[in-house]
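Below you'll find the structure, written out as structure tokens, and then a few comments.
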Amino acid sequence: MLRVEHIGIAVKSLSDSVPLFEKLLNTSCYKQEEVDSEQVMTAFFQQGETKIELLEATGPGSAIAKFLDKKGEGMHHIAFEVADIYAEMKRLQEEGFVLLQETPKKGADNKLICFLHPKHSNGVLIEICQDIK
Ligand SMILES: CC[C@@H](C(=O)O)C(=O)SCCNC(=O)CCNC(=O)[C@H](O)C(C)(C)COP(=O)(O)OP(=O)(O)OC[C@H]1O[C@@H](n2cnc3c(N)ncnc32)[C@H](O)[C@@H]1OP(=O)(O)O
Ligand SMILES: [Co+2]
């Protein structure tokens, strides 16, 4: 893993949470992007070499909608940047982690992504991601 690429935070409303995080971090949200495949709207803040990703559900089938129903707002996942997502998926599977996809999918901010089931990583949902060249 190269670095923590972003920390994902589930929120009910980006229109409430973006101004809150702008005040908290003293920086502007640099991008909002909808990811239809995940039924989420995202908002990003750069913090040093990592990012904060706020996530609002755009449909009832979204993992974020389910998470908000069960646990409420808060930290949802940690994303690690990797150099070769295919090699890292193979390595992690061989180490006994459970991948939630067989092949990487397109995420926000020009990334290929894959999630690992939180049950096998001490209750933490892990995303790995690689820049799309
Ligand atoms: C914007 C795109 C992308 C990016 O580019 O950055 C994103 O970040 S998208 C983020 C949203 N998408 C995802 O989270 C996709 C991956 N997640 C999933 O596939 C599912 O959420 C899940 C992890 C498989 C859970 O789904 P499901 O089994 O249907 O839900 P349950 O509510 O029944 O949960 C089962 C079990 O897992 C616990 N859980 C769920 N979410 C989390 C979480 N974020 N962190 C820790 N634990 C989580 C949940 O509490 C249940 O536990 P038990 O009750 O103990 O069984
Ligand atoms: Co993410």
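By order in the structure tokens, chains are A, B, ...; within a chain, residues start at 1; ligands start at 1, following the order shown.
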### Query
Using only C-alpha atoms, which residues sit within 10 Å of Ile85 (chain A) once same-chain residues fewer than 3 positions away are excluded, as an MDAnalysis selection string?
chainID A and resid 1 81:82 88:91 103:104 112:114 128:131
Please list as a short mmCIF file (atom, residue, chain, number, x, y, z; two decimals) with C-alpha atoms, in the first residue's frame every residue within 8 Å of Tyr30 (chain A), counting only C-alpha atoms and excluding residues in the same chain fewer than 4 positions away.
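Result file out_9.cif:
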data_model
loop_
_atom_site.label_atom_id
_atom_site.label_comp_id
_atom_site.auth_asym_id
_atom_site.auth_seq_id
_atom_site.Cartn_x
_atom_site.Cartn_y
_atom_site.Cartn_z
CA ALA A 43 -17.47 15.75 -2.02
CA PHE A 44 -13.67 15.89 -1.69
CA PHE A 45 -11.27 17.89 0.48
CA GLN A 46 -7.49 17.68 0.14
#
### Message
Going by DSSP on the backbone, which residues of region 9-109 of chain A come out as helix (DSSP H, G or I)? List them as a VMD selection string.
### Response
chain A and resid 14 to 25 36 to 38 63 to 71 85 to 94
Selected residues, C-alpha atoms, written as a compact mmCIF listing (two decimals), in the first residue's frame, please.
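Below you can see again_36.txt, which holds the result:
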# COMPACT_ATOMS: atom_id res chain seq x y z
CA LEU A 14 -23.82 17.18 1.59
CA SER A 15 -25.46 20.59 1.65
CA ASP A 16 -25.17 20.51 5.45
CA SER A 17 -21.82 18.70 5.71
CA VAL A 18 -19.76 20.44 2.98
CA PRO A 19 -19.94 23.85 4.74
CA LEU A 20 -19.27 22.13 8.07
CA PHE A 21 -16.10 20.43 6.77
CA GLU A 22 -15.02 23.64 5.00
CA LYS A 23 -15.10 25.35 8.38
CA LEU A 24 -13.47 22.40 10.16
CA LEU A 25 -10.61 21.98 7.68
CA ASP A 36 -24.09 6.15 -10.28
CA SER A 37 -22.81 2.58 -9.84
CA GLU A 38 -22.52 3.18 -6.05
CA ALA A 63 -24.31 1.00 0.78
CA ILE A 64 -24.30 4.50 2.30
CA ALA A 65 -28.10 4.50 2.76
CA LYS A 66 -27.89 1.13 4.54
CA PHE A 67 -24.97 2.28 6.72
CA LEU A 68 -26.80 5.51 7.72
CA ASP A 69 -29.92 3.50 8.62
CA LYS A 70 -27.96 1.06 10.81
CA LYS A 71 -25.14 3.16 12.30
CA ILE A 85 -4.69 -3.03 -8.11
CA TYR A 86 -4.83 -6.44 -9.83
CA ALA A 87 -1.63 -7.61 -8.12
CA GLU A 88 -2.81 -6.23 -4.76
CA MET A 89 -6.23 -7.94 -5.06
CA LYS A 90 -4.48 -11.26 -5.75
CA ARG A 91 -2.10 -10.75 -2.82
CA LEU A 92 -4.89 -9.79 -0.40
CA GLN A 93 -7.05 -12.75 -1.46
CA GLU A 94 -4.10 -15.11 -0.92
### Message
Neighbours of ligand 1 at 7 Å or closer, counting only C-alpha atoms and all ligand atoms: which residues, as a PyMOL selection string?
### Response
chain A and resi 8+35+38+40+42+62-64+66-67+70+76-77+100+107-109+111+113+115+117-119+123-125
Tell me, counting only C-alpha atoms and all ligand atoms, for each residue of chain A within 7 Å of ligand 2, which pair of atoms is nearest and how far apart they are in Å to one decimal, in rows ordered by chain and increasing number, as a Markdown table.
| residue | atom | partner | partner_atom_place_in_ligand_line | distance |
| --- | --- | --- | --- | --- |
| A:His6 | CA | ligand 2 | 1 (Co) | 6.6 |
| A:Ile7 | CA | ligand 2 | 1 (Co) | 6.8 |
| A:Gly8 | CA | ligand 2 | 1 (Co) | 5.2 |
| A:Glu53 | CA | ligand 2 | 1 (Co) | 6.5 |
| A:His77 | CA | ligand 2 | 1 (Co) | 6.6 |
| A:Ala79 | CA | ligand 2 | 1 (Co) | 5.9 |
| A:Glu127 | CA | ligand 2 | 1 (Co) | 6.4 |
### Message
Just list as a ChimeraX atom specification whatever in chain A DSSP marks as strand (DSSP E).
### Response
/A:3-10,31-35,40-47,50-57,74-81,105-106,111-116,126-131
### Task
Quick one: everything within 9 Å of Gln47 (chain A), counting only C-alpha atoms, minus sequence neighbours fewer than 3 positions away in the same chain. Send it as a PyMOL selection string.
chain A and resi 25+27+50-52
Could you take the residues named above and write them with C-alpha atoms, as an mmCIF file, in the first residue's frame?
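What ended up in again-v5.cif:
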data_model
loop_
_atom_site.group_PDB
_atom_site.id
_atom_site.type_symbol
_atom_site.label_atom_id
_atom_site.label_comp_id
_atom_site.auth_asym_id
_atom_site.auth_seq_id
_atom_site.Cartn_x
_atom_site.Cartn_y
_atom_site.Cartn_z
ATOM 1 C CA LEU A 25 -10.607 21.981 7.679
ATOM 2 C CA THR A 27 -10.242 24.665 3.030
ATOM 3 C CA THR A 50 -4.673 12.446 1.728
ATOM 4 C CA LYS A 51 -8.311 13.371 1.129
ATOM 5 C CA ILE A 52 -11.580 13.400 2.982
#
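The nearest approach to Met75 (chain A) among the residues A:Ala57, A:Leu116, A:Val98, A:Ala10, with only C-alpha atoms taken into account, belongs to A:Ala10.
Compared by their closest atoms to Gln39 (chain A), and using only C-alpha atoms, the residues A:Lys106, A:Gly61, A:Glu95, A:Asn26 rank with A:Gly61 nearest.
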